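Here the structure is laid out as C-alpha coordinates; the discussion comes afterwards.
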Amino acid sequence: NAGVTQTPKFQVLKTGQSMTLQCAQDMNHNSMYWYRQDPGMGLRLIYYSASEGTTDKGEVPNGYNVSRLNKREFSLRLESAAPSQTSVYFCASSDVGYERGFYNEQFFGPGTRLTVL
Amino acid sequence: QKEVEQDPGPLSVPEGAIVSLNCTYSNSAFQYFMWYRQYSRKGPELLMYTYSSGNKEDGRFTAQVDKSSKYISLFIRDSQPSDSATYLCAMSAWAGSARQLTFGSGTQLTVLP
(Lines give C-alpha, C1' and ligand atoms only; values in the text may rest on other atoms or scores of the structure.)
Protein backbone atom coordinates (compact mmCIF):
# COMPACT_ATOMS: atom_id res chain seq x y z
CA ASN A 1 0.00 0.00 0.00
CA ALA A 2 1.31 3.42 -0.96
CA GLY A 3 -1.04 5.17 1.48
CA VAL A 4 -1.59 8.80 0.46
CA THR A 5 0.38 10.07 -2.53
CA GLN A 6 0.69 13.68 -3.73
CA THR A 7 2.03 15.20 -6.92
CA PRO A 8 4.02 17.26 -7.56
CA LYS A 9 6.50 17.35 -4.64
CA PHE A 10 7.71 20.85 -5.48
CA GLN A 11 6.34 23.65 -7.64
CA VAL A 12 7.27 27.25 -8.37
CA LEU A 13 4.61 29.49 -9.90
CA LYS A 14 4.44 33.09 -10.93
CA THR A 15 1.65 35.31 -9.59
CA GLY A 16 -1.51 34.74 -11.61
CA GLN A 17 -0.62 31.28 -12.88
CA SER A 18 -2.89 28.34 -12.18
CA MET A 19 -2.13 24.79 -11.14
CA THR A 20 -3.72 21.65 -9.73
CA LEU A 21 -2.32 19.60 -6.88
CA GLN A 22 -3.17 15.92 -7.11
CA CYS A 23 -3.86 13.53 -4.25
CA ALA A 24 -4.72 9.83 -4.25
CA GLN A 25 -5.23 7.25 -1.48
CA ASP A 26 -5.40 3.47 -1.67
CA MET A 27 -6.86 2.78 1.79
CA ASN A 28 -10.51 2.85 0.66
CA HIS A 29 -11.18 5.84 2.91
CA ASN A 30 -14.36 7.85 2.52
CA SER A 31 -13.08 11.22 3.71
CA MET A 32 -10.28 13.31 2.24
CA TYR A 33 -8.82 16.65 3.28
CA TRP A 34 -6.55 19.42 2.03
CA TYR A 35 -4.44 21.40 4.52
CA ARG A 36 -1.84 24.09 4.26
CA GLN A 37 1.02 24.38 6.74
CA ASP A 38 2.74 27.70 7.38
CA PRO A 39 5.41 28.50 9.99
CA GLY A 40 3.84 29.22 13.37
CA MET A 41 0.33 28.49 12.08
CA GLY A 42 0.11 24.72 12.26
CA LEU A 43 -2.09 22.85 9.80
CA ARG A 44 -5.15 24.72 8.56
CA LEU A 45 -7.98 23.00 6.73
CA ILE A 46 -8.68 24.36 3.25
CA TYR A 47 -11.40 21.99 1.97
CA TYR A 48 -12.60 18.52 2.78
CA SER A 49 -14.73 15.84 1.23
CA ALA A 50 -16.66 13.72 3.71
CA SER A 51 -17.55 11.21 1.03
CA GLU A 52 -17.45 10.76 -2.73
CA GLY A 53 -19.57 13.42 -4.40
CA THR A 54 -19.42 15.97 -1.56
CA THR A 55 -17.04 18.82 -0.77
CA ASP A 56 -17.12 21.48 1.95
CA LYS A 57 -15.11 24.53 2.89
CA GLY A 58 -12.70 24.47 5.78
CA GLU A 59 -11.04 27.29 7.66
CA VAL A 60 -9.15 28.94 4.76
CA PRO A 61 -10.91 28.18 1.43
CA ASN A 62 -10.48 31.52 -0.37
CA GLY A 63 -8.46 31.26 -3.58
CA TYR A 64 -8.88 27.48 -3.88
CA ASN A 65 -11.23 25.00 -5.50
CA VAL A 66 -11.42 21.24 -5.11
CA SER A 67 -12.71 18.25 -7.01
CA ARG A 68 -13.44 14.81 -5.58
CA LEU A 69 -12.84 12.92 -8.80
CA ASN A 70 -13.72 9.49 -7.35
CA LYS A 71 -13.30 7.72 -4.02
CA ARG A 72 -9.51 7.59 -4.41
CA GLU A 73 -8.67 11.04 -5.77
CA PHE A 74 -9.11 14.58 -4.44
CA SER A 75 -7.52 17.51 -6.27
CA LEU A 76 -6.86 21.10 -5.18
CA ARG A 77 -6.78 23.89 -7.75
CA LEU A 78 -5.30 27.35 -7.51
CA GLU A 79 -6.95 29.41 -10.26
CA SER A 80 -4.79 32.54 -9.95
CA ALA A 81 -1.87 31.98 -7.61
CA ALA A 82 -0.83 34.70 -5.16
CA PRO A 83 2.35 35.00 -3.04
CA SER A 84 0.18 34.47 0.07
CA GLN A 85 -0.43 30.94 -1.17
CA THR A 86 3.23 30.03 -0.78
CA SER A 87 3.03 27.13 1.64
CA VAL A 88 3.36 23.38 2.12
CA TYR A 89 0.16 21.59 1.13
CA PHE A 90 -0.85 18.28 2.69
CA CYS A 91 -3.57 15.91 1.63
CA ALA A 92 -5.01 13.49 4.19
CA SER A 93 -7.63 10.75 4.27
CA SER A 94 -9.63 8.95 6.93
CA ASP A 95 -12.57 6.65 7.45
CA VAL A 96 -15.92 8.14 8.34
CA GLY A 97 -16.91 6.90 11.77
CA TYR A 98 -20.21 7.60 13.41
CA GLU A 99 -19.87 5.14 16.22
CA ARG A 100 -18.65 6.00 19.68
CA GLY A 101 -14.96 5.34 20.01
CA PHE A 102 -14.01 6.31 16.47
CA TYR A 103 -11.37 8.95 16.71
CA ASN A 104 -10.78 9.85 13.08
CA GLU A 105 -7.11 9.09 12.53
CA GLN A 106 -6.07 10.99 9.47
CA PHE A 107 -3.31 9.66 7.24
CA PHE A 108 -1.18 12.29 5.55
CA GLY A 109 0.68 12.42 2.28
CA PRO A 110 4.27 13.69 1.97
CA GLY A 111 3.26 17.22 1.00
CA THR A 112 3.73 19.61 -1.91
CA ARG A 113 6.02 22.60 -1.41
CA LEU A 114 4.62 25.49 -3.41
CA THR A 115 6.33 28.83 -3.96
CA VAL A 116 4.50 31.69 -5.67
CA LEU A 117 6.75 34.48 -6.90
CA GLN B 1 -8.05 33.63 20.18
CA LYS B 2 -7.18 30.32 18.53
CA GLU B 3 -9.20 27.27 19.54
CA VAL B 4 -5.99 25.36 20.23
CA GLU B 5 -2.86 26.96 21.65
CA GLN B 6 0.45 25.11 21.74
CA ASP B 7 3.72 26.11 23.34
CA PRO B 8 5.75 27.05 20.25
CA GLY B 9 9.22 26.08 21.38
CA PRO B 10 11.64 25.35 19.89
CA LEU B 11 12.81 22.96 22.57
CA SER B 12 16.32 21.54 22.80
CA VAL B 13 17.15 18.85 25.40
CA PRO B 14 20.02 16.41 26.06
CA GLU B 15 19.54 12.73 25.33
CA GLY B 16 17.83 10.95 28.20
CA ALA B 17 15.87 14.00 29.40
CA ILE B 18 12.16 14.00 30.13
CA VAL B 19 10.27 16.21 27.69
CA SER B 20 6.92 17.86 28.35
CA LEU B 21 4.82 19.23 25.49
CA ASN B 22 1.58 21.08 26.17
CA CYS B 23 -1.58 22.41 24.55
CA THR B 24 -4.63 24.27 25.80
CA TYR B 25 -7.98 24.49 24.07
CA SER B 26 -11.20 26.45 24.34
CA ASN B 27 -13.80 24.34 22.47
CA SER B 28 -15.72 22.00 24.79
CA ALA B 29 -16.96 20.02 21.76
CA PHE B 30 -13.56 18.42 21.24
CA GLN B 31 -13.91 14.71 21.94
CA TYR B 32 -10.61 13.11 21.01
CA PHE B 33 -7.15 14.40 21.69
CA MET B 34 -4.18 13.37 19.60
CA TRP B 35 -0.51 13.91 19.20
CA TYR B 36 1.03 13.79 15.74
CA ARG B 37 4.76 13.63 15.07
CA GLN B 38 6.20 15.25 11.97
CA TYR B 39 9.75 14.65 10.84
CA SER B 40 11.41 17.28 8.70
CA ARG B 41 9.96 17.46 5.19
CA LYS B 42 7.47 14.65 5.89
CA GLY B 43 3.74 14.46 6.55
CA PRO B 44 2.45 14.18 10.14
CA GLU B 45 1.89 10.70 11.61
CA LEU B 46 -0.36 9.83 14.53
CA LEU B 47 1.63 9.09 17.68
CA MET B 48 -1.09 8.72 20.32
CA TYR B 49 -4.73 9.51 20.96
CA THR B 50 -6.85 9.76 24.08
CA TYR B 51 -10.54 10.21 24.76
CA SER B 52 -11.16 10.73 28.43
CA SER B 53 -9.38 12.69 31.11
CA GLY B 54 -6.42 10.86 32.60
CA ASN B 55 -3.19 9.31 31.39
CA LYS B 56 -2.44 6.92 28.56
CA GLU B 57 0.96 5.31 28.27
CA ASP B 58 2.68 3.80 25.23
CA GLY B 59 6.28 2.86 25.79
CA ARG B 60 8.27 6.00 26.52
CA PHE B 61 5.30 8.25 25.69
CA THR B 62 2.51 9.33 28.04
CA ALA B 63 -0.45 11.42 26.94
CA GLN B 64 -2.37 13.30 29.60
CA VAL B 65 -5.74 15.01 29.28
CA ASP B 66 -7.42 17.28 31.82
CA LYS B 67 -10.82 18.19 30.38
CA SER B 68 -11.77 20.34 33.35
CA SER B 69 -8.78 22.61 32.68
CA LYS B 70 -8.89 22.11 28.89
CA TYR B 71 -5.23 21.12 28.95
CA ILE B 72 -3.36 18.25 27.32
CA SER B 73 0.24 17.13 27.59
CA LEU B 74 2.64 14.68 26.03
CA PHE B 75 5.56 13.39 28.09
CA ILE B 76 8.55 11.67 26.54
CA ARG B 77 10.78 9.71 28.91
CA ASP B 78 14.41 8.85 28.15
CA SER B 79 14.33 11.03 25.04
CA GLN B 80 16.40 9.89 22.06
CA PRO B 81 17.89 11.78 19.10
CA SER B 82 15.37 9.90 16.93
CA ASP B 83 12.59 11.77 18.81
CA SER B 84 13.77 15.02 17.18
CA ALA B 85 10.74 16.21 15.24
CA THR B 86 7.85 18.66 15.38
CA TYR B 87 5.01 17.53 17.65
CA LEU B 88 1.50 18.71 16.83
CA CYS B 89 -1.45 18.38 19.17
CA ALA B 90 -4.78 17.84 17.42
CA MET B 91 -8.36 17.70 18.62
CA SER B 92 -11.34 16.07 16.96
CA ALA B 93 -14.95 17.21 16.82
CA TRP B 94 -17.89 16.96 14.45
CA ALA B 95 -18.10 20.04 12.24
CA GLY B 96 -20.22 20.20 9.12
CA SER B 97 -20.48 16.77 7.50
CA ALA B 98 -17.36 15.16 8.92
CA ARG B 99 -15.18 14.89 11.96
CA GLN B 100 -12.53 17.55 11.69
CA LEU B 101 -9.21 17.98 13.36
CA THR B 102 -8.00 21.29 14.76
CA PHE B 103 -4.24 21.40 15.12
CA GLY B 104 -1.93 23.32 17.39
CA SER B 105 0.90 25.25 15.76
CA GLY B 106 3.48 22.59 16.67
CA THR B 107 6.53 22.39 18.93
CA GLN B 108 9.89 21.66 17.34
CA LEU B 109 11.94 19.30 19.54
CA THR B 110 15.65 18.60 19.18
CA VAL B 111 17.26 15.89 21.31
CA LEU B 112 21.01 16.32 21.42
CA PRO B 113 23.23 13.23 21.62
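By convention in this document, the chains of the C-alpha coordinates carry letters A, B, ... by their order, each chain's residues are numbered from 1, and ligands are numbered from 1 in the order they are shown.
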
Residues at most 12 Å from A:Tyr33, counting only C-alpha atoms, excluding those fewer than 2 positions away in the same chain, as a ChimeraX atom specification?
/A:4,22-25,29-31,35-36,43-51,54-59,61,66-68,72-76,89-95,106-109 /B:98-101

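Rounded to one decimal, atom CA of B:Ala90 and atom CA of A:Arg77 lie 26.0 Å from each other.
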
Using only C-alpha atoms, which residues sit within 7 Å of B:Gln64 once same-chain residues fewer than 3 positions away are excluded, as a PyMOL selection string?
chain B and resi 54-56+72-74

May I have the residues of chain B within 6 Å of chain A, counting only C-alpha atoms, written as a ChimeraX atom specification?
/B:42-43,98,103-106

Taken to one decimal, the atom CA of B:Ser26-atom CA of A:Gly63 distance is 28.5 Å

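The residue set within 7 Å of A:Gly16, counting only C-alpha atoms and dropping same-chain residues fewer than 4 places from it, reads Ser80, Ala81 and Ala82 of chain A.
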
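The shortest atom-to-atom distance to B:Ser28, with only C-alpha atoms taken into account, belongs to B:Glu3 out of B:Glu15, B:Asp58, B:Asp83, B:Glu3.
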
Neighbours of stretch 17-21 of chain B within 6 Å (only C-alpha atoms; same-chain residues fewer than 3 positions away dropped), as a list of chain:residue names?
B:Pro14, B:Ser73, B:Leu74, B:Phe75, B:Ile76, B:Arg77, B:Asp78, B:Ser79

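With only C-alpha atoms as the atoms that count, the residue of B:Ser12, B:Asn27, B:Thr62, B:Ser68 with the shortest distance to B:Leu47 is B:Thr62.
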
Per DSSP on the backbone, filter chain A down to the residues in strand (DSSP E or B) and report them as a count of residues only.
59

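Distance-wise, atom CA of B:Ser82 and atom CA of B:Leu46 end up 15.9 Å apart.
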